[in-house]
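Structure file model.txt; described as compact mmCIF, C-alpha atoms.
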```txt
# COMPACT_ATOMS: atom_id res chain seq x y z
CA GLN A 26 0.00 0.00 0.00
CA VAL A 27 1.41 3.35 -1.04
CA GLN A 28 1.32 6.17 1.47
CA LEU A 29 1.69 9.85 0.71
CA VAL A 30 3.03 12.03 3.51
CA GLU A 31 2.59 15.79 3.32
CA SER A 32 4.57 18.32 5.32
CA GLY A 33 5.27 22.01 5.39
CA GLY A 34 1.94 23.39 6.47
CA GLY A 35 1.52 25.83 9.30
CA LEU A 36 0.51 29.29 10.35
CA VAL A 37 1.77 32.23 8.34
CA GLN A 38 0.87 35.89 8.01
CA ALA A 39 -0.68 37.24 4.86
CA GLY A 40 2.01 37.90 2.28
CA GLY A 41 4.20 35.12 3.60
CA SER A 42 5.35 31.90 2.00
CA LEU A 43 5.19 28.19 2.67
CA ARG A 44 6.53 25.18 0.84
CA LEU A 45 4.57 21.97 0.98
CA SER A 46 6.19 18.61 0.31
CA CYS A 47 4.66 15.24 -0.44
CA VAL A 48 6.77 12.10 -0.22
CA THR A 49 5.65 8.65 -1.30
CA SER A 50 6.40 5.57 0.80
CA ARG A 51 7.71 3.75 -2.25
CA ARG A 52 8.37 4.42 -5.88
CA ILE A 53 5.22 4.66 -7.98
CA ILE A 54 5.40 3.68 -11.62
CA ASP A 55 3.21 4.85 -14.45
CA ILE A 56 2.34 8.16 -12.79
CA THR A 57 0.03 10.20 -15.01
CA SER A 58 -0.27 13.24 -12.78
CA MET A 59 0.74 14.66 -9.40
CA GLY A 60 -1.14 17.46 -7.77
CA TRP A 61 -2.28 19.41 -4.79
CA TYR A 62 -5.86 19.97 -3.74
CA ARG A 63 -7.28 21.97 -0.87
CA GLN A 64 -10.43 21.99 1.16
CA ALA A 65 -11.53 24.91 3.29
CA PRO A 66 -14.12 24.49 6.05
CA GLY A 67 -17.58 24.16 4.58
CA LYS A 68 -16.30 24.03 1.01
CA GLN A 69 -15.65 21.34 -1.54
CA ARG A 70 -12.19 20.05 -2.25
CA GLU A 71 -10.67 21.90 -5.18
CA LEU A 72 -7.67 21.51 -7.41
CA VAL A 73 -4.86 23.92 -6.62
CA ALA A 74 -2.15 22.75 -9.02
CA SER A 75 -1.17 19.67 -10.95
CA THR A 76 1.62 18.44 -13.16
CA THR A 77 1.47 15.65 -15.69
CA SER A 78 4.11 13.09 -16.50
CA GLY A 79 4.83 15.12 -19.60
CA GLY A 80 5.57 18.21 -17.56
CA ARG A 81 2.37 20.12 -18.27
CA THR A 82 1.17 22.16 -15.31
CA ASN A 83 -2.25 23.45 -14.41
CA TYR A 84 -3.20 25.98 -11.75
CA ALA A 85 -6.40 27.24 -10.24
CA ASP A 86 -7.01 30.81 -11.35
CA SER A 87 -6.91 31.95 -7.72
CA VAL A 88 -3.29 30.85 -7.28
CA LYS A 89 -1.76 31.60 -10.67
CA GLY A 90 1.37 33.67 -10.34
CA ARG A 91 1.66 32.91 -6.63
CA PHE A 92 1.98 29.11 -6.38
CA THR A 93 4.40 26.82 -8.18
CA ILE A 94 4.22 23.05 -8.37
CA SER A 95 7.34 21.00 -8.96
CA ARG A 96 8.46 17.41 -8.67
CA ASP A 97 11.61 15.44 -7.97
CA ASN A 98 11.18 12.02 -9.53
CA ALA A 99 14.37 10.70 -7.96
CA LYS A 100 13.01 11.51 -4.50
CA ASN A 101 9.41 10.54 -5.25
CA THR A 102 8.43 13.99 -4.06
CA VAL A 103 6.12 16.70 -5.26
CA TYR A 104 6.28 20.25 -3.92
CA LEU A 105 4.02 23.25 -3.78
CA GLN A 106 5.74 26.60 -3.31
CA MET A 107 3.18 29.10 -2.06
CA ASN A 108 4.06 32.79 -2.11
CA SER A 109 2.06 35.93 -1.36
CA LEU A 110 -0.32 33.92 0.74
CA LYS A 111 -3.78 35.29 1.43
CA PRO A 112 -6.27 34.51 4.19
CA GLU A 113 -8.47 32.84 1.58
CA ASP A 114 -5.71 30.28 1.00
CA THR A 115 -6.45 28.87 4.45
CA ALA A 116 -7.39 25.21 4.03
CA ASP A 117 -6.26 21.65 4.43
CA TYR A 118 -3.97 20.80 1.53
CA TYR A 119 -3.88 17.29 0.09
CA CYS A 120 -1.36 15.63 -2.15
CA ASN A 121 -2.71 13.49 -4.99
CA ILE A 122 -0.91 11.08 -7.29
CA ARG A 123 -2.64 9.27 -10.12
CA THR A 124 -1.60 6.34 -12.23
CA PHE A 125 -3.48 4.44 -14.91
CA LEU A 126 -4.85 2.11 -12.26
CA ALA A 127 -4.82 3.99 -8.96
CA ASN A 128 -5.55 7.30 -7.29
CA TYR A 129 -3.58 8.03 -4.12
CA TRP A 130 -4.25 10.70 -1.49
CA GLY A 131 -2.30 11.99 1.43
CA GLN A 132 -3.77 12.74 4.84
CA GLY A 133 -3.48 16.47 4.41
CA THR A 134 -1.55 19.31 5.95
CA GLN A 135 -3.15 22.41 7.38
CA VAL A 136 -2.33 25.86 6.11
CA THR A 137 -3.59 28.88 8.01
CA VAL A 138 -2.99 32.41 6.75
CA SER A 139 -3.69 35.19 9.19
CA SER A 140 -4.62 38.70 8.10
```
Would you mind writing the file's structure down as structure tokens?
Amino acid sequence: QVQLVESGGGLVQAGGSLRLSCVTSRRIIDITSMGWYRQAPGKQRELVASTTSGGRTNYADSVKGRFTISRDNAKNTVYLQMNSLKPEDTADYYCNIRTFLANYWGQGTQVTVSS
């Protein structure tokens, strides 16, 4: 069973930065995409950013220009660099990795942005 472990969340003031990391418990083959989702209290989970195996990236309009997703295949890790954070970025952030046959989720890491 593959486990995804997120880290890097925390409390930060508006305008600050955080870097989230997601490490897999073992190497995953045939990855089609890696991404980050978030879920704020009372809201649905939404895509924040994703990257395909071909290197194509996709960002939610609300984070474009502020967040950057990257991956290190050798370390089985995907990152989310979050800059210029806003209070509305407050949410639980979840790592997601998809293959042709499976869809893996992490347990989430909390991000709180104070005004």
Range 94-109 of chain A environment, 8 Å, only C-alpha atoms, sequence neighbours closer than 4 positions dropped, as a list in words: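 The residues that qualify are Ala39, Gly40, Gly41, Ser42, Leu43, Arg44, Leu45, Ser46, Cys47, Val48, Thr49, Arg51, Arg52, Ile53, Met59, Gly60, Trp61, Ala74, Ser75, Thr76 and Thr82 of chain A.
Minimum atom-to-atom distance to Phe125 in chain A, evaluated using all atoms listed in the file, belongs to A:Ser78 out of A:Gln28, A:Leu110, A:Ser78, A:Gly67.
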Counting all atoms listed in the file, the residue of A:Val136, A:Ile122, A:Leu29, A:Ala116 that sits nearest Gln69 in chain A: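 The answer is A:Ala116, which sits nearest to Gln69 in chain A.
The coordinates place CA of Cys120 in chain A at 8.9 Å from CA of Thr134 in chain A.
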CA of Gln26 in chain A to CA of Thr93 in chain A, straight-line distance in Å: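 Between these atoms lies a distance of 28.4 Å.
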Selected residue of minimal separation from Glu31 in chain A among A:Tyr62, A:Asp55, A:Thr77, A:Tyr118, counting all atoms listed in the file: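 Smallest distance to Glu31 in chain A is found for A:Tyr118.
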CA of Gly131 in chain A to CA of Ile54 in chain A, straight-line distance in Å: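 Straight-line distance from CA of Ile54 in chain A to CA of Gly131 in chain A works out to 17.3 Å.
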Of the listed residues A:Gly80, A:Ser50, A:Glu71, A:Arg63, that which approaches Gly34 in chain A most closely, counting all atoms listed in the file: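 The closest residue to Gly34 in chain A is A:Arg63.
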